[in-house]
Amino acid sequence: MFYPEEIVEEVRMKNDIVDVISGYVKLQKKGSSYFGLCPFHNEKSPSFSVSPGKQMYYCFGCGAGGNAITFLMEYENYSFPEALKVLADRAGVELPQEEMSREARAQADLRSSLLEINKGAANYFYYQLKSPQGRLGYEYLRNRQLSDDTIRRFGLGYANKTWDDLYRYLKNKGYGDQLLRETGLFVIEERGARDKFNNRVMFPIMDVNNRVIGFGGRVMGDGMPKYLNSPETRIFDKGRNLYGLNYARTSREKYMLICEGYMDVIAMHQAGFTNAVASLGTAFTVQHGALIRRYTDQVVLTYDSDGAGIKAALRAIPILKEAGVSARVLNMEPYKDPDEFIKNLGPEAFRERIEKAKNSFLFEIDVLKRDYDLEDPEQKTRFYNAAARKLLEFPEALERDNYIQAVAREHYINYQDLRQLVNSLGSRLGPLPQNKEERSVSSYRDRKKEKEDGPKRSQRLLLTWLIENPKLFEKIQGIITPADFGEELYRQVAQMVFDNYKKGDLNPGGILNYFINDEEEYRTVAGLFHAGLKESLSSEEQKKAFVEIVIKVKKNSLDEASRRATDIVELQEIIREQRALKTLNISMD
């Protein structure tokens with residue numbers, strides 16, 4: 001859906017950003033801004049700033065930034081039209097219904113058609129399960145002790161053994177090959193078409209709005225692969241959806257259970273654990289962590305108790321931690337998975353295990369310990385060092401000491417000895433990133449920060465100062481123009497800022513709207529207006545700093561111009577300006 005610029009701006013202006021974000025984040029006023037804990041990454045000290053003057057938010061910790069519209073897009077995983085509609089309804093603004101470009105309308109129609117076909121396919125699979133040809137699938141589900149109510153609730157079905165059963169059914173409904181190819185349900189070639197799923201029990205995958213967006217299929221017999229999932233389509237992204245979330249999000253429990261597969265989720269829901277979800281045939285992702293964080297800040301990992309399940313838990317723990325979600329790990333031994341555990345010991349025993357689920361950090365130490373033979377003094381010492389090194393992950397002394405006590409208690413290590421070892425390592429190494437991935441990210445960030453040169457920072461600071469205090473435009477008149485901003489994106493934004501000033505309407509929140517379709521540019525522009533300033537230019541130090549920034553921006557601009565100059569007259573003029581810059585006097589009074 002395409003909306004005119006003036007409509008977008010009306011919706012944004014009629015929704016005060018502090019009011020909008022206060023519905024999601026607890027904010028406290030500090031000076032002219034409001035601060036709270038960032039909802040987009042895990043932090044203990046508030047670095048998430050909301051500016052009523054700019055009508056923008058920005059996190060100085062993770063760099064997330066934007067206006068009220070993009071906050072809803074990021075937090076609720078809404079598309080731009082969805083976020084705009086929510087805010088329009090909130091402000092009582094009526095959105096036009098027919099302002100849609102041909103391309104946008106085609107995309108909307110395609111999504112609607114794909115959802116319609118998936119719904120029809122789910123109904124067809126369910127019908128087949130209850131028919132004579134679906135007996136094999138139905139008996140499999142009943143043997144797994146699923147009730148008819150559960151089968152109906154999850155819309156389980158069966159894909160027949162015939163190779164083009166569903167294809168012929170949908171063709172008879174009037175759907176063409178080009179559209180059917182987009183569903184991911186078929187392989188369509190010159191020589192013919194065939195169903196992607198056959199002889200499989202089918203699991204419809206639903207989004208949080210209970211719309212069928214894809215399918216999973218479990219083969220009957222010895223065929224491979226055992227489980228087959230829909231490929232990613234215009235409506236299905238494995239990394240951004242969780243199986244069972246459409247039901248789990250309404251659970252009254254304060255935590256969610258994360259497991260590996262469809263049957264585990266269904267078995268747990270049938271046993272009363274309606275807060276269970278699973279990733280869709282893919283590893284747990286950062287997007288999964290952010291998705292869960294919308295509904296809870298606590299999870300219990302119930303992955304299989306085999307080696308693969310342990311590895312999956314170890315991968316998920318740091319992702320959840322980064323998302324601000326506390327994780328515990330459930331011990332299912334002697335059984336492999338939740339379904340098997342519940343069938344043998346029952347729901348009450350499973351709930352008892354949940355209550356005893358292990359703190360995720362202590363679980364990581366347990367797994368770490370398995371790599372060492374503690375009967376060997378040398379390996380025992382190496383384990384202590386590895387545990388101490390891992391304890392350095394906690395930057396805060398009090399929290400770190402709590403975990404030192406817990407590790408010492410669980411592994412029969414003298415507390416004072418372990419504490420001394422941790423402190424000794426810390427003085428030599430400093431706090432370390434949690435894992436290789438984090439070290440890589442940390443190293444990348446350090447390199448990026450080092451690479452970022454002074455001119456860029458000067459330009460960011462200058463733009464932020466101008467937005468904070470429009471009177472400063474008078475001080476730089478005749479000295480700085482948008483052309484003095486060297487980076488193309490910076491120059492584009494500077495032009496908008498200068499133009500807004502001339503119109504008497506400095507509107508950083510509105511400027512952001514121009515970059516909403518490019519995530520990287522959007523984040524960069526949001527950062528341009530939040531360069532880490534103090535509250536005002538009231539102090540002499542701040543005034544001096546502003547003058548220095550103006551001179552730096554102009555000097556860099558002239559230096560760049562001199563390197564590009566090809567005409568002697570042009571070069572002489574640049575040299576004249578460079579000399580004049582040395583005696584430039586900007587009065588701040």
# chains A, B, ... in the order shown; residues from 1 in each chain; ligands from 1
>>> residues_around(residues="segment 154-159 of chain A", least_positions_apart="6", cutoff="6 Å", atoms="only C-alpha atoms", output="list in words")
Phe125, Tyr126, Gln128, Leu129, Gly134, Gly137, Asn198, Asn199, Arg200, Val201, Met202 and Phe203 of chain A
>>> write_last_selection(atoms="N, CA, C and O atoms", output="PDB file, in the first residue's frame")
ATOM      1  N   PHE A 125      -5.718 -31.290   3.043  1.00  0.00           N
ATOM      2  CA  PHE A 125      -4.928 -32.279   3.783  1.00  0.00           C
ATOM      3  C   PHE A 125      -5.726 -32.844   4.962  1.00  0.00           C
ATOM      4  O   PHE A 125      -5.674 -34.041   5.261  1.00  0.00           O
ATOM      5  N   TYR A 126      -6.453 -31.960   5.656  1.00  0.00           N
ATOM      6  CA  TYR A 126      -7.248 -32.412   6.806  1.00  0.00           C
ATOM      7  C   TYR A 126      -8.343 -33.373   6.348  1.00  0.00           C
ATOM      8  O   TYR A 126      -8.598 -34.403   6.999  1.00  0.00           O
ATOM      9  N   GLN A 128      -8.260 -35.274   3.695  1.00  0.00           N
ATOM     10  CA  GLN A 128      -7.628 -36.526   3.287  1.00  0.00           C
ATOM     11  C   GLN A 128      -7.293 -37.407   4.488  1.00  0.00           C
ATOM     12  O   GLN A 128      -7.391 -38.633   4.430  1.00  0.00           O
ATOM     13  N   LEU A 129      -6.890 -36.766   5.591  1.00  0.00           N
ATOM     14  CA  LEU A 129      -6.542 -37.533   6.795  1.00  0.00           C
ATOM     15  C   LEU A 129      -7.730 -38.340   7.300  1.00  0.00           C
ATOM     16  O   LEU A 129      -7.570 -39.465   7.781  1.00  0.00           O
ATOM     17  N   GLY A 134      -6.315 -41.709   3.821  1.00  0.00           N
ATOM     18  CA  GLY A 134      -5.470 -41.095   4.842  1.00  0.00           C
ATOM     19  C   GLY A 134      -5.334 -41.931   6.098  1.00  0.00           C
ATOM     20  O   GLY A 134      -4.789 -41.462   7.106  1.00  0.00           O
ATOM     21  N   GLY A 137      -1.871 -42.117   7.840  1.00  0.00           N
ATOM     22  CA  GLY A 137      -1.494 -40.934   8.597  1.00  0.00           C
ATOM     23  C   GLY A 137      -2.288 -40.797   9.888  1.00  0.00           C
ATOM     24  O   GLY A 137      -1.739 -40.450  10.938  1.00  0.00           O
ATOM     25  N   ASN A 198       4.134 -35.759  -0.412  1.00  0.00           N
ATOM     26  CA  ASN A 198       3.271 -36.923  -0.617  1.00  0.00           C
ATOM     27  C   ASN A 198       3.633 -38.003   0.395  1.00  0.00           C
ATOM     28  O   ASN A 198       4.780 -38.103   0.843  1.00  0.00           O
ATOM     29  N   ASN A 199       2.606 -38.776   0.777  1.00  0.00           N
ATOM     30  CA  ASN A 199       2.741 -39.805   1.803  1.00  0.00           C
ATOM     31  C   ASN A 199       3.351 -39.243   3.086  1.00  0.00           C
ATOM     32  O   ASN A 199       4.266 -39.809   3.663  1.00  0.00           O
ATOM     33  N   ARG A 200       2.807 -38.123   3.513  1.00  0.00           N
ATOM     34  CA  ARG A 200       3.310 -37.484   4.735  1.00  0.00           C
ATOM     35  C   ARG A 200       2.152 -36.988   5.588  1.00  0.00           C
ATOM     36  O   ARG A 200       1.142 -36.506   5.059  1.00  0.00           O
ATOM     37  N   VAL A 201       2.332 -37.074   6.901  1.00  0.00           N
ATOM     38  CA  VAL A 201       1.443 -36.386   7.831  1.00  0.00           C
ATOM     39  C   VAL A 201       1.798 -34.910   7.766  1.00  0.00           C
ATOM     40  O   VAL A 201       2.973 -34.535   7.808  1.00  0.00           O
ATOM     41  N   MET A 202       0.791 -34.058   7.617  1.00  0.00           N
ATOM     42  CA  MET A 202       1.029 -32.650   7.365  1.00  0.00           C
ATOM     43  C   MET A 202       0.733 -31.778   8.593  1.00  0.00           C
ATOM     44  O   MET A 202      -0.289 -31.957   9.263  1.00  0.00           O
ATOM     45  N   PHE A 203       1.642 -30.836   8.837  1.00  0.00           N
ATOM     46  CA  PHE A 203       1.521 -29.900   9.950  1.00  0.00           C
ATOM     47  C   PHE A 203       1.420 -28.479   9.384  1.00  0.00           C
ATOM     48  O   PHE A 203       2.430 -27.906   8.952  1.00  0.00           O
TER      49      PHE A 203
END
>>> select_by_dssp(residues="segment 171-271 of chain A", states="strand (DSSP E)", output="ChimeraX atom specification")
/A:186-189,192-195,200-206,212-219,227-229,256-259
>>> residues_around(residues="Tyr57 of chain A", least_positions_apart="6", cutoff="8 Å", atoms="only C-alpha atoms", output="ChimeraX atom specification")
/A:17,48-51,64-67
>>> select_by_dssp(residues="segment 270-358 of chain A", states="alpha helix (DSSP H)", output="tab-separated table (two decimals) with C-alpha atoms, in the first residue's frame")
chain	number	residue	atom	x	y	z
A	270	GLN	CA	-2.29	-31.60	24.65
A	286	VAL	CA	18.32	-13.74	16.46
A	287	GLN	CA	14.90	-13.00	14.94
A	288	HIS	CA	13.41	-15.85	16.98
A	289	GLY	CA	14.89	-14.32	20.12
A	290	ALA	CA	13.41	-10.91	19.31
A	291	LEU	CA	10.05	-12.51	18.52
A	292	ILE	CA	9.89	-14.31	21.86
A	293	ARG	CA	10.95	-11.16	23.74
A	307	GLY	CA	24.20	-34.39	21.57
A	308	ALA	CA	22.34	-32.45	18.89
A	309	GLY	CA	19.89	-31.12	21.46
A	310	ILE	CA	22.71	-30.00	23.75
A	311	LYS	CA	24.40	-28.17	20.87
A	312	ALA	CA	21.09	-26.53	19.97
A	313	ALA	CA	20.68	-25.30	23.55
A	314	LEU	CA	24.23	-23.93	23.63
A	315	ARG	CA	23.55	-21.99	20.41
A	316	ALA	CA	20.23	-20.60	21.66
A	317	ILE	CA	21.42	-19.43	25.10
A	318	PRO	CA	23.57	-16.45	23.98
A	319	ILE	CA	20.94	-15.43	21.41
A	320	LEU	CA	18.26	-15.33	24.10
A	321	LYS	CA	20.55	-13.48	26.47
A	322	GLU	CA	21.25	-10.83	23.83
A	323	ALA	CA	17.48	-10.48	23.28
A	338	PRO	CA	9.26	-33.94	25.92
A	339	ASP	CA	6.79	-36.18	24.07
A	340	GLU	CA	8.51	-39.33	25.28
A	341	PHE	CA	8.91	-37.96	28.81
A	342	ILE	CA	5.24	-37.00	29.16
A	343	LYS	CA	4.03	-40.33	27.79
A	344	ASN	CA	6.11	-42.24	30.34
A	345	LEU	CA	6.01	-40.06	33.46
A	347	PRO	CA	2.40	-34.00	32.91
A	348	GLU	CA	2.94	-33.52	36.65
A	349	ALA	CA	6.43	-35.01	36.53
A	350	PHE	CA	7.19	-32.81	33.55
A	351	ARG	CA	6.03	-29.73	35.43
A	352	GLU	CA	8.27	-30.71	38.34
A	353	ARG	CA	11.21	-30.89	35.92
A	354	ILE	CA	10.33	-27.44	34.63
A	355	GLU	CA	10.46	-26.05	38.16
>>> closest_residue(among="A:Ala271, A:Val547, A:Ala283, A:Leu581", to="Arg240 of chain A", atoms="only C-alpha atoms")
A:Ala283
>>> residues_around(residues="Leu489 of chain A", least_positions_apart="2", cutoff="12 Å", atoms="only C-alpha atoms", output="VMD selection string")
chain A and resid 456 459 to 460 482 to 483 485 to 487 491 to 496 514 to 515 518 520 to 526 528
>>> write_last_selection(atoms="N, CA and C atoms", output="PDB file, in the first residue's frame")
ATOM      1  N   LYS A 456      33.755  12.180   9.816  1.00  0.00           N
ATOM      2  CA  LYS A 456      32.390  11.655   9.945  1.00  0.00           C
ATOM      3  C   LYS A 456      31.796  12.030  11.295  1.00  0.00           C
ATOM      4  N   GLN A 459      30.852  15.666  11.432  1.00  0.00           N
ATOM      5  CA  GLN A 459      29.627  15.961  10.690  1.00  0.00           C
ATOM      6  C   GLN A 459      28.392  15.499  11.459  1.00  0.00           C
ATOM      7  N   ARG A 460      28.484  14.339  12.110  1.00  0.00           N
ATOM      8  CA  ARG A 460      27.354  13.849  12.925  1.00  0.00           C
ATOM      9  C   ARG A 460      27.073  14.802  14.077  1.00  0.00           C
ATOM     10  N   PRO A 482      25.304  22.479   3.042  1.00  0.00           N
ATOM     11  CA  PRO A 482      25.196  21.021   2.892  1.00  0.00           C
ATOM     12  C   PRO A 482      26.329  20.417   2.064  1.00  0.00           C
ATOM     13  N   ALA A 483      26.899  21.180   1.146  1.00  0.00           N
ATOM     14  CA  ALA A 483      27.984  20.662   0.301  1.00  0.00           C
ATOM     15  C   ALA A 483      29.233  20.340   1.111  1.00  0.00           C
ATOM     16  N   PHE A 485      29.374  18.544   3.725  1.00  0.00           N
ATOM     17  CA  PHE A 485      29.260  17.205   4.304  1.00  0.00           C
ATOM     18  C   PHE A 485      29.727  16.197   3.252  1.00  0.00           C
ATOM     19  N   GLY A 486      30.868  15.574   3.532  1.00  0.00           N
ATOM     20  CA  GLY A 486      31.559  14.766   2.533  1.00  0.00           C
ATOM     21  C   GLY A 486      30.850  13.499   2.112  1.00  0.00           C
ATOM     22  N   GLU A 487      30.289  12.756   3.072  1.00  0.00           N
ATOM     23  CA  GLU A 487      29.576  11.521   2.740  1.00  0.00           C
ATOM     24  C   GLU A 487      28.296  11.846   1.985  1.00  0.00           C
ATOM     25  N   ARG A 491      25.422  14.284   3.266  1.00  0.00           N
ATOM     26  CA  ARG A 491      25.124  15.489   2.494  1.00  0.00           C
ATOM     27  C   ARG A 491      23.638  15.572   2.150  1.00  0.00           C
ATOM     28  N   GLN A 492      23.057  14.434   1.820  1.00  0.00           N
ATOM     29  CA  GLN A 492      21.626  14.387   1.501  1.00  0.00           C
ATOM     30  C   GLN A 492      20.787  14.777   2.715  1.00  0.00           C
ATOM     31  N   VAL A 493      21.160  14.246   3.882  1.00  0.00           N
ATOM     32  CA  VAL A 493      20.424  14.569   5.109  1.00  0.00           C
ATOM     33  C   VAL A 493      20.633  16.030   5.479  1.00  0.00           C
ATOM     34  N   ALA A 494      21.879  16.510   5.354  1.00  0.00           N
ATOM     35  CA  ALA A 494      22.169  17.909   5.679  1.00  0.00           C
ATOM     36  C   ALA A 494      21.325  18.847   4.823  1.00  0.00           C
ATOM     37  N   GLN A 495      21.159  18.523   3.546  1.00  0.00           N
ATOM     38  CA  GLN A 495      20.342  19.356   2.663  1.00  0.00           C
ATOM     39  C   GLN A 495      18.910  19.428   3.173  1.00  0.00           C
ATOM     40  N   MET A 496      18.371  18.280   3.622  1.00  0.00           N
ATOM     41  CA  MET A 496      17.016  18.256   4.161  1.00  0.00           C
ATOM     42  C   MET A 496      16.920  19.090   5.436  1.00  0.00           C
ATOM     43  N   TYR A 514      11.991   9.316   4.741  1.00  0.00           N
ATOM     44  CA  TYR A 514      12.533   9.197   3.387  1.00  0.00           C
ATOM     45  C   TYR A 514      13.457   7.988   3.240  1.00  0.00           C
ATOM     46  N   PHE A 515      13.901   7.431   4.349  1.00  0.00           N
ATOM     47  CA  PHE A 515      14.887   6.346   4.294  1.00  0.00           C
ATOM     48  C   PHE A 515      14.340   5.029   4.829  1.00  0.00           C
ATOM     49  N   ASP A 518      15.291   1.472   3.309  1.00  0.00           N
ATOM     50  CA  ASP A 518      16.670   0.983   3.343  1.00  0.00           C
ATOM     51  C   ASP A 518      17.130   0.947   4.791  1.00  0.00           C
ATOM     52  N   GLU A 520      19.816  -0.064   6.384  1.00  0.00           N
ATOM     53  CA  GLU A 520      21.146   0.422   6.736  1.00  0.00           C
ATOM     54  C   GLU A 520      21.199   1.942   6.728  1.00  0.00           C
ATOM     55  N   GLU A 521      20.649   2.546   5.684  1.00  0.00           N
ATOM     56  CA  GLU A 521      20.606   4.006   5.623  1.00  0.00           C
ATOM     57  C   GLU A 521      19.757   4.573   6.753  1.00  0.00           C
ATOM     58  N   TYR A 522      18.658   3.902   7.048  1.00  0.00           N
ATOM     59  CA  TYR A 522      17.743   4.373   8.091  1.00  0.00           C
ATOM     60  C   TYR A 522      18.462   4.461   9.445  1.00  0.00           C
ATOM     61  N   ARG A 523      19.186   3.387   9.787  1.00  0.00           N
ATOM     62  CA  ARG A 523      19.894   3.366  11.077  1.00  0.00           C
ATOM     63  C   ARG A 523      20.985   4.441  11.104  1.00  0.00           C
ATOM     64  N   THR A 524      21.653   4.626   9.972  1.00  0.00           N
ATOM     65  CA  THR A 524      22.702   5.642   9.909  1.00  0.00           C
ATOM     66  C   THR A 524      22.124   7.030  10.121  1.00  0.00           C
ATOM     67  N   VAL A 525      21.022   7.326   9.447  1.00  0.00           N
ATOM     68  CA  VAL A 525      20.401   8.647   9.565  1.00  0.00           C
ATOM     69  C   VAL A 525      19.904   8.884  10.991  1.00  0.00           C
ATOM     70  N   ALA A 526      19.316   7.843  11.603  1.00  0.00           N
ATOM     71  CA  ALA A 526      18.865   7.990  12.992  1.00  0.00           C
ATOM     72  C   ALA A 526      20.041   8.350  13.893  1.00  0.00           C
ATOM     73  N   LEU A 528      22.659  10.014  13.025  1.00  0.00           N
ATOM     74  CA  LEU A 528      23.136  11.371  12.741  1.00  0.00           C
ATOM     75  C   LEU A 528      22.524  12.401  13.683  1.00  0.00           C
TER      76      LEU A 528
END
>>> residues_around(residues="segment 162-173 of chain A", least_positions_apart="5", cutoff="12 Å", atoms="only C-alpha atoms", output="PyMOL selection string")
chain A and resi 114+116-125+127-128+133-134+178-181+183-188+192-200
>>> atom_distance(atom1="atom CA of Ser230 of chain A", atom2="atom CA of Ala278 of chain A")
15.5 Å
>>> atom_distance(atom1="atom CA of Gly63 of chain A", atom2="atom CA of Glu399 of chain A")
25.7 Å
>>> closest_residue(among="A:Met206, A:Leu391, A:Val20, A:Met56", to="Leu87 of chain A", atoms="only C-alpha atoms")
A:Val20
>>> residues_around(residues="segment 361-363 of chain A", least_positions_apart="6", cutoff="9 Å", atoms="only C-alpha atoms", output="compact mmCIF listing (two decimals) with C-alpha atoms, in the first residue's frame")
# COMPACT_ATOMS: atom_id res chain seq x y z
CA LEU A 314 24.23 -23.93 23.63
CA ILE A 317 21.42 -19.43 25.10
CA ALA A 327 16.86 -19.03 29.87
CA ARG A 328 16.81 -22.24 31.87
CA VAL A 329 17.47 -25.75 30.56
CA TYR A 403 27.86 -17.07 39.91
CA ALA A 406 27.10 -21.10 42.51
CA VAL A 407 29.82 -22.73 40.38
CA GLU A 410 27.97 -27.18 42.39
>>> atom_distance(atom1="atom CA of Glu43 of chain A", atom2="atom CA of Arg389 of chain A")
21.6 Å
